[in-house]
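Novice: Here's a structure for you.
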Amino acid sequence: MEEQNKVVLHGMWLSPFAKRVELALKVKNIPFNYVEEDLKNKSELLLKYNPVHKKVPVLVHNGNPVCESLVIIEYIDETWKNGPKLLPEDPYKRAQVRFWSKFMQDQLFENSVVILKTEGEAQQKAVKDMYEKLCVLEKGMKEYFPDGKPEVDDNNIGVLDIIFGSAFGAYKAHHEVLGLNMLEADKFPVLNSWLMALVELQVMKEAAPPHEKVVQFLQFLRQSALSSTSAS
Amino acid sequence: MANEVVLLGYWPSQYGMRARIAVEEKGIPYEYKEEDAWNYDRSPLLLEMNPVHKKTPVLIHNGKPICESLIVIEYIDEVWNHKSPLLPSDPYDRAQARFWADFVHRKVYGAAKRIWTTKGEEREGGKKEFIECMKLLEQQLGEKPYFGGDNLGFVDVAFVPFYSWFQVYEKFGKFNMEAECPNIIAWAKRCLKKESVAKTLPDQHKVYDLAIWIRKKLGVE
């Protein structure tokens, strides 16, 4: 009986992709074991479970691996039918949720990495790109939410809440390291109010890594990137 | 209840082909509208239906747009669920199908593009990665007639449009697909026996002529 429904998540504490899966499991109240991976020294198990991409997160359910965070989240939603639905039932709404999940994944993450790892003109360009994409997201979410207002509560967390919350939840740490606040309330009222509500959720607070640890790590990533650029 | 389906596509686009194969497989009556991707004046309909990316394919179902080819396939499969299921019913099998469709979408497309839009080392890198992807997909297919098992599935629909571009990759990459991955060629030919695929995939020569034109336009020589 113990082996039935054994769930293991291979992740990395600062990876927003791994964080999404962690949040999905917690929202659904699924017990799981967590394995922290050192991405500079990946475990044999990780390489065995994700030979194609060799990345986290990987969800291992009764010994069977599932890879790619959005694929994992849909798998979780389809397998554990109790608890809140992470995706809506209606096919059109599901398509909209998948569209915006993909948008956030493809358009926002890479930009935020460039912003962290560059300075001067390169950084300014990345900030400008990010700003334009956030404008699109602001408009999209205003149309998506009923009455243009995000509805956030502990009992009804969905995949868009999870993705957005894990992407921007550490906004204070980013502000401290970069001096930038991307989601200002006056420029992005919908996104800002959504984020402020999300970070107050119990599950988000519990899953958030300690602020100082995030700041230190972001500073380390930034310094390593900047010094390797100037050395080359 | 009206069931009006319009599909906006561009004939050589692998993404558009995916959506078209899906509607054809399901036997859904639809209107197809061609959008020329090289005409920078996008049609008002496309701009209205896909304001975010301004790209095809867009499926318009009773006036409501669905964008992004893989999302379109899943939508079609969920709404017209009475025949020709494209995704399996078991959640683990569905996860595997989604994983490999995503692999085709991100890895195969990027590598293939480098083969015919770049030169020198970058092209060689693209070719190497492309062939590695093909071998992985061959492994994944195994002995099955289709990625979906006995019938066309999500991964087949996501991947088979690339067949119409194989001549482009072979000529610019200077390699032979049949020699490198014979099972992929055999699989593609099997798919082409399906009316939905045969009707949708353009002739390889036509695509090759277009690729030459695009390369000139992009100044790649």
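If you're wondering about the labels, chains in the structure tokens are A, B, ... by order shown, residues count from 1 in each chain, ligands from 1 in order shown.
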Taking only C-alpha atoms into account, produce a table as CSV in which each residue of chain A with an atom at most 9 Å from an atom of chain B appears once, together with its shortest atom pair and the distance in Å to one decimal, ordered by chain and rising number.
Specialist:
```
residue,atom,partner,partner_atom,distance
A:Val52,CA,B:Leu136,CA,8.4
A:Asn64,CA,B:Tyr92,CA,8.5
A:Val66,CA,B:Ala95,CA,6.8
A:Cys67,CA,B:Phe99,CA,7.0
A:Glu68,CA,B:Phe99,CA,6.9
A:Val71,CA,B:Ala95,CA,5.9
A:Ile72,CA,B:Ala95,CA,7.1
A:Glu74,CA,B:Ala95,CA,7.7
A:Tyr75,CA,B:Pro91,CA,5.9
A:Ile76,CA,B:Pro91,CA,8.5
A:Glu78,CA,B:Pro91,CA,6.0
A:Thr79,CA,B:Pro91,CA,6.2
A:Pro91,CA,B:Tyr75,CA,6.0
A:Tyr92,CA,B:Tyr75,CA,7.1
A:Arg94,CA,B:Tyr75,CA,8.0
A:Ala95,CA,B:Ile71,CA,6.1
A:Gln96,CA,B:Ile66,CA,7.5
A:Arg98,CA,B:Ile71,CA,6.8
A:Phe99,CA,B:Ile71,CA,7.1
A:Val136,CA,B:Val52,CA,6.9
A:Gly140,CA,B:Val52,CA,8.6
```
Novice: Could you give me, as a tab-separated table (two decimals) with N, CA, C and O atoms, in the first residue's frame, the residues within 7 Å of segment 153-156 of chain B, counting only C-alpha atoms and dropping anything in the same chain fewer than 3 positions from it?
Specialist:
```tsv
chain	number	residue	atom	x	y	z
B	86	LEU	N	-7.39	12.24	-30.59
B	86	LEU	CA	-6.00	12.53	-30.92
B	86	LEU	C	-5.11	12.34	-29.70
B	86	LEU	O	-3.92	12.04	-29.82
B	87	LEU	N	-5.68	12.53	-28.52
B	87	LEU	CA	-4.91	12.27	-27.30
B	87	LEU	C	-5.44	11.01	-26.65
B	87	LEU	O	-6.65	10.75	-26.70
B	97	ALA	N	2.47	12.07	-24.57
B	97	ALA	CA	2.13	12.67	-25.86
B	97	ALA	C	2.42	14.17	-25.84
B	97	ALA	O	3.01	14.73	-26.77
B	100	TRP	N	6.25	14.84	-25.99
B	100	TRP	CA	6.89	14.68	-27.29
B	100	TRP	C	6.40	15.72	-28.30
B	100	TRP	O	7.16	16.15	-29.16
B	101	ALA	N	5.16	16.14	-28.18
B	101	ALA	CA	4.67	17.21	-29.06
B	101	ALA	C	5.43	18.50	-28.75
B	101	ALA	O	5.83	19.24	-29.66
B	146	TYR	N	2.08	4.34	-35.71
B	146	TYR	CA	2.02	5.79	-35.49
B	146	TYR	C	2.46	6.07	-34.06
B	146	TYR	O	2.41	5.20	-33.21
B	147	PHE	N	2.86	7.33	-33.79
B	147	PHE	CA	3.17	7.72	-32.42
B	147	PHE	C	1.94	7.51	-31.53
B	147	PHE	O	2.06	7.20	-30.36
B	148	GLY	N	0.75	7.70	-32.13
B	148	GLY	CA	-0.48	7.52	-31.38
B	148	GLY	C	-0.90	6.07	-31.23
B	148	GLY	O	-1.96	5.79	-30.68
B	159	PHE	N	4.04	16.44	-35.71
B	159	PHE	CA	5.31	16.20	-36.36
B	159	PHE	C	5.22	16.03	-37.88
B	159	PHE	O	6.09	16.49	-38.61
B	160	VAL	N	4.17	15.39	-38.39
B	160	VAL	CA	4.14	15.04	-39.81
B	160	VAL	C	4.24	16.25	-40.77
B	160	VAL	O	4.80	16.11	-41.86
```
Novice: Residues near segment 23-34 of chain B, anyone? I mean within 8 Å using only C-alpha atoms, not counting same-chain ones fewer than 2 positions away, as a list in words.
Specialist: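 Here the answer would be Glu4, Val5, Val6, Leu7, Leu8, Gly9, Tyr10, Trp11, Ala19, Arg20, Ile21, Asp36, Ile76, Trp80, Lys83, Ser84 and Ser196 of chain B.
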Novice: If I take atom CA of Ser43 of chain A and atom CA of Leu9 of chain A, how far is one from the other in Å, to one decimal?
Specialist: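 Computing it gives 13.1 Å between the two atoms.
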Novice: Mind listing the alpha helix (DSSP H) residues of segment 13-189 of chain B, per DSSP on the backbone, as a PyMOL selection string?
Specialist: chain B and resi 14-25+44-49+69-79+91-103+109-117+120-141+154-159+166-173+177-180+182-189
Novice: I need the residues from that last selection saved to file as an mmCIF file, in the first residue's frame (with C-alpha atoms), if you can.
Specialist:
```
data_model
loop_
_atom_site.group_PDB
_atom_site.id
_atom_site.type_symbol
_atom_site.label_atom_id
_atom_site.label_comp_id
_atom_site.auth_asym_id
_atom_site.auth_seq_id
_atom_site.Cartn_x
_atom_site.Cartn_y
_atom_site.Cartn_z
ATOM 1 C CA GLN B 14 3.923 23.445 -40.205
ATOM 2 C CA TYR B 15 1.832 25.042 -37.449
ATOM 3 C CA GLY B 16 -1.086 25.711 -39.773
ATOM 4 C CA MET B 17 -0.859 22.222 -41.234
ATOM 5 C CA ARG B 18 -1.273 20.744 -37.763
ATOM 6 C CA ALA B 19 -4.561 22.547 -37.202
ATOM 7 C CA ARG B 20 -5.808 21.593 -40.653
ATOM 8 C CA ILE B 21 -4.988 17.897 -40.230
ATOM 9 C CA ALA B 22 -6.839 17.916 -36.891
ATOM 10 C CA VAL B 23 -10.052 19.408 -38.320
ATOM 11 C CA GLU B 24 -9.887 17.044 -41.297
ATOM 12 C CA GLU B 25 -9.335 13.984 -39.084
ATOM 13 C CA PRO B 44 -8.214 42.697 -40.251
ATOM 14 C CA LEU B 45 -9.650 39.321 -39.269
ATOM 15 C CA LEU B 46 -6.252 37.937 -38.244
ATOM 16 C CA LEU B 47 -5.391 41.087 -36.274
ATOM 17 C CA GLU B 48 -8.723 40.942 -34.499
ATOM 18 C CA MET B 49 -8.512 37.220 -33.732
ATOM 19 C CA SER B 69 -1.246 25.170 -32.997
ATOM 20 C CA LEU B 70 -0.875 22.638 -30.166
ATOM 21 C CA ILE B 71 -3.534 24.436 -28.132
ATOM 22 C CA VAL B 72 -5.802 24.340 -31.207
ATOM 23 C CA ILE B 73 -5.336 20.561 -31.550
ATOM 24 C CA GLU B 74 -6.224 19.972 -27.879
ATOM 25 C CA TYR B 75 -9.273 22.223 -28.184
ATOM 26 C CA ILE B 76 -10.489 20.374 -31.272
ATOM 27 C CA ASP B 77 -9.944 17.036 -29.535
ATOM 28 C CA GLU B 78 -11.910 18.145 -26.468
ATOM 29 C CA VAL B 79 -14.856 19.699 -28.296
ATOM 30 C CA PRO B 91 -3.285 10.636 -17.989
ATOM 31 C CA TYR B 92 0.255 9.188 -18.095
ATOM 32 C CA ASP B 93 0.008 8.456 -21.827
ATOM 33 C CA ARG B 94 -1.400 11.952 -22.342
ATOM 34 C CA ALA B 95 1.590 13.405 -20.494
ATOM 35 C CA GLN B 96 3.973 11.459 -22.736
ATOM 36 C CA ALA B 97 2.128 12.667 -25.864
ATOM 37 C CA ARG B 98 2.266 16.278 -24.655
ATOM 38 C CA PHE B 99 5.968 15.930 -23.799
ATOM 39 C CA TRP B 100 6.891 14.679 -27.291
ATOM 40 C CA ALA B 101 4.671 17.210 -29.060
ATOM 41 C CA ASP B 102 6.434 19.939 -27.062
ATOM 42 C CA PHE B 103 9.796 18.385 -28.023
ATOM 43 C CA TYR B 109 11.634 23.434 -35.287
ATOM 44 C CA GLY B 110 14.585 25.477 -33.989
ATOM 45 C CA ALA B 111 17.237 23.047 -35.234
ATOM 46 C CA ALA B 112 15.551 22.672 -38.648
ATOM 47 C CA LYS B 113 15.313 26.420 -39.108
ATOM 48 C CA ARG B 114 19.060 26.791 -38.613
ATOM 49 C CA ILE B 115 19.715 24.307 -41.409
ATOM 50 C CA TRP B 116 18.065 26.395 -44.101
ATOM 51 C CA THR B 117 18.334 29.980 -42.812
ATOM 52 C CA GLY B 120 28.682 27.537 -41.930
ATOM 53 C CA GLU B 121 29.065 26.393 -38.339
ATOM 54 C CA GLU B 122 25.583 27.458 -37.308
ATOM 55 C CA ARG B 123 24.057 25.388 -40.081
ATOM 56 C CA GLU B 124 26.192 22.370 -39.198
ATOM 57 C CA GLY B 125 25.109 22.720 -35.578
ATOM 58 C CA GLY B 126 21.465 22.828 -36.633
ATOM 59 C CA LYS B 127 21.871 19.776 -38.829
ATOM 60 C CA LYS B 128 23.552 17.776 -36.059
ATOM 61 C CA GLU B 129 20.845 18.678 -33.562
ATOM 62 C CA PHE B 130 18.087 17.974 -36.091
ATOM 63 C CA ILE B 131 19.402 14.488 -36.841
ATOM 64 C CA GLU B 132 19.743 13.750 -33.110
ATOM 65 C CA CYS B 133 16.107 14.788 -32.662
ATOM 66 C CA MET B 134 15.044 12.505 -35.511
ATOM 67 C CA LYS B 135 16.828 9.534 -33.954
ATOM 68 C CA LEU B 136 15.190 10.210 -30.583
ATOM 69 C CA LEU B 137 11.805 10.354 -32.284
ATOM 70 C CA GLU B 138 12.548 7.119 -34.137
ATOM 71 C CA GLN B 139 13.282 5.480 -30.794
ATOM 72 C CA GLN B 140 10.052 6.853 -29.389
ATOM 73 C CA LEU B 141 8.048 5.530 -32.354
ATOM 74 C CA PHE B 154 -1.219 14.221 -31.063
ATOM 75 C CA VAL B 155 2.480 13.670 -31.799
ATOM 76 C CA ASP B 156 1.809 12.449 -35.346
ATOM 77 C CA VAL B 157 -0.228 15.575 -36.086
ATOM 78 C CA ALA B 158 2.430 17.805 -34.479
ATOM 79 C CA PHE B 159 5.311 16.204 -36.364
ATOM 80 C CA PHE B 166 12.441 17.452 -45.533
ATOM 81 C CA GLN B 167 13.675 18.231 -49.047
ATOM 82 C CA VAL B 168 14.619 21.738 -47.878
ATOM 83 C CA TYR B 169 16.618 20.340 -44.944
ATOM 84 C CA GLU B 170 18.260 17.650 -47.093
ATOM 85 C CA LYS B 171 19.351 20.034 -49.834
ATOM 86 C CA PHE B 172 20.714 22.752 -47.574
ATOM 87 C CA GLY B 173 22.059 20.389 -44.919
ATOM 88 C CA MET B 177 16.753 11.575 -44.394
ATOM 89 C CA GLU B 178 16.141 8.013 -45.614
ATOM 90 C CA ALA B 179 19.720 7.094 -44.808
ATOM 91 C CA GLU B 180 19.747 8.790 -41.403
ATOM 92 C CA PRO B 182 14.501 5.335 -42.422
ATOM 93 C CA ASN B 183 11.742 4.615 -39.892
ATOM 94 C CA ILE B 184 10.743 8.273 -39.823
ATOM 95 C CA ILE B 185 10.387 8.262 -43.614
ATOM 96 C CA ALA B 186 8.371 5.043 -43.480
ATOM 97 C CA TRP B 187 6.152 6.560 -40.771
ATOM 98 C CA ALA B 188 5.613 9.777 -42.756
ATOM 99 C CA LYS B 189 4.614 7.840 -45.875
#
```
Novice: Ranking A:Thr229, A:Asn41, A:Ser166, A:Asn29 by minimum distance to Leu108 of chain A and counting only C-alpha atoms, which one comes first?
Specialist: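 Result for the nearest residue to Leu108 of chain A: A:Ser166.
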Novice: I want to know what sits within 9 Å of Ile163 of chain A, based on only C-alpha atoms, with residues of the same chain fewer than 6 positions away left out; could you give that as a PyMOL selection string?
Specialist: chain A and resi 16-17+19-20+101+104-105
Novice: Could you please determine the separation between atom CA of Lys85 of chain A and atom CA of Ser69 of chain A in Å, to one decimal place?
Specialist: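 Between atom CA of Lys85 of chain A and atom CA of Ser69 of chain A the gap is 16.5 Å.
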Novice: What does the structure give for the distance between atom CA of Gly165 of chain A and atom CA of Val203 of chain A, in Å to one decimal?
Specialist: 10.7 Å
Novice: Which one is closest to Pro88 of chain A: A:Gly158, A:Lys172, A:Asn192, A:Arg222? Count only C-alpha atoms.
Specialist: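 Smallest distance to Pro88 of chain A is found for A:Gly158.
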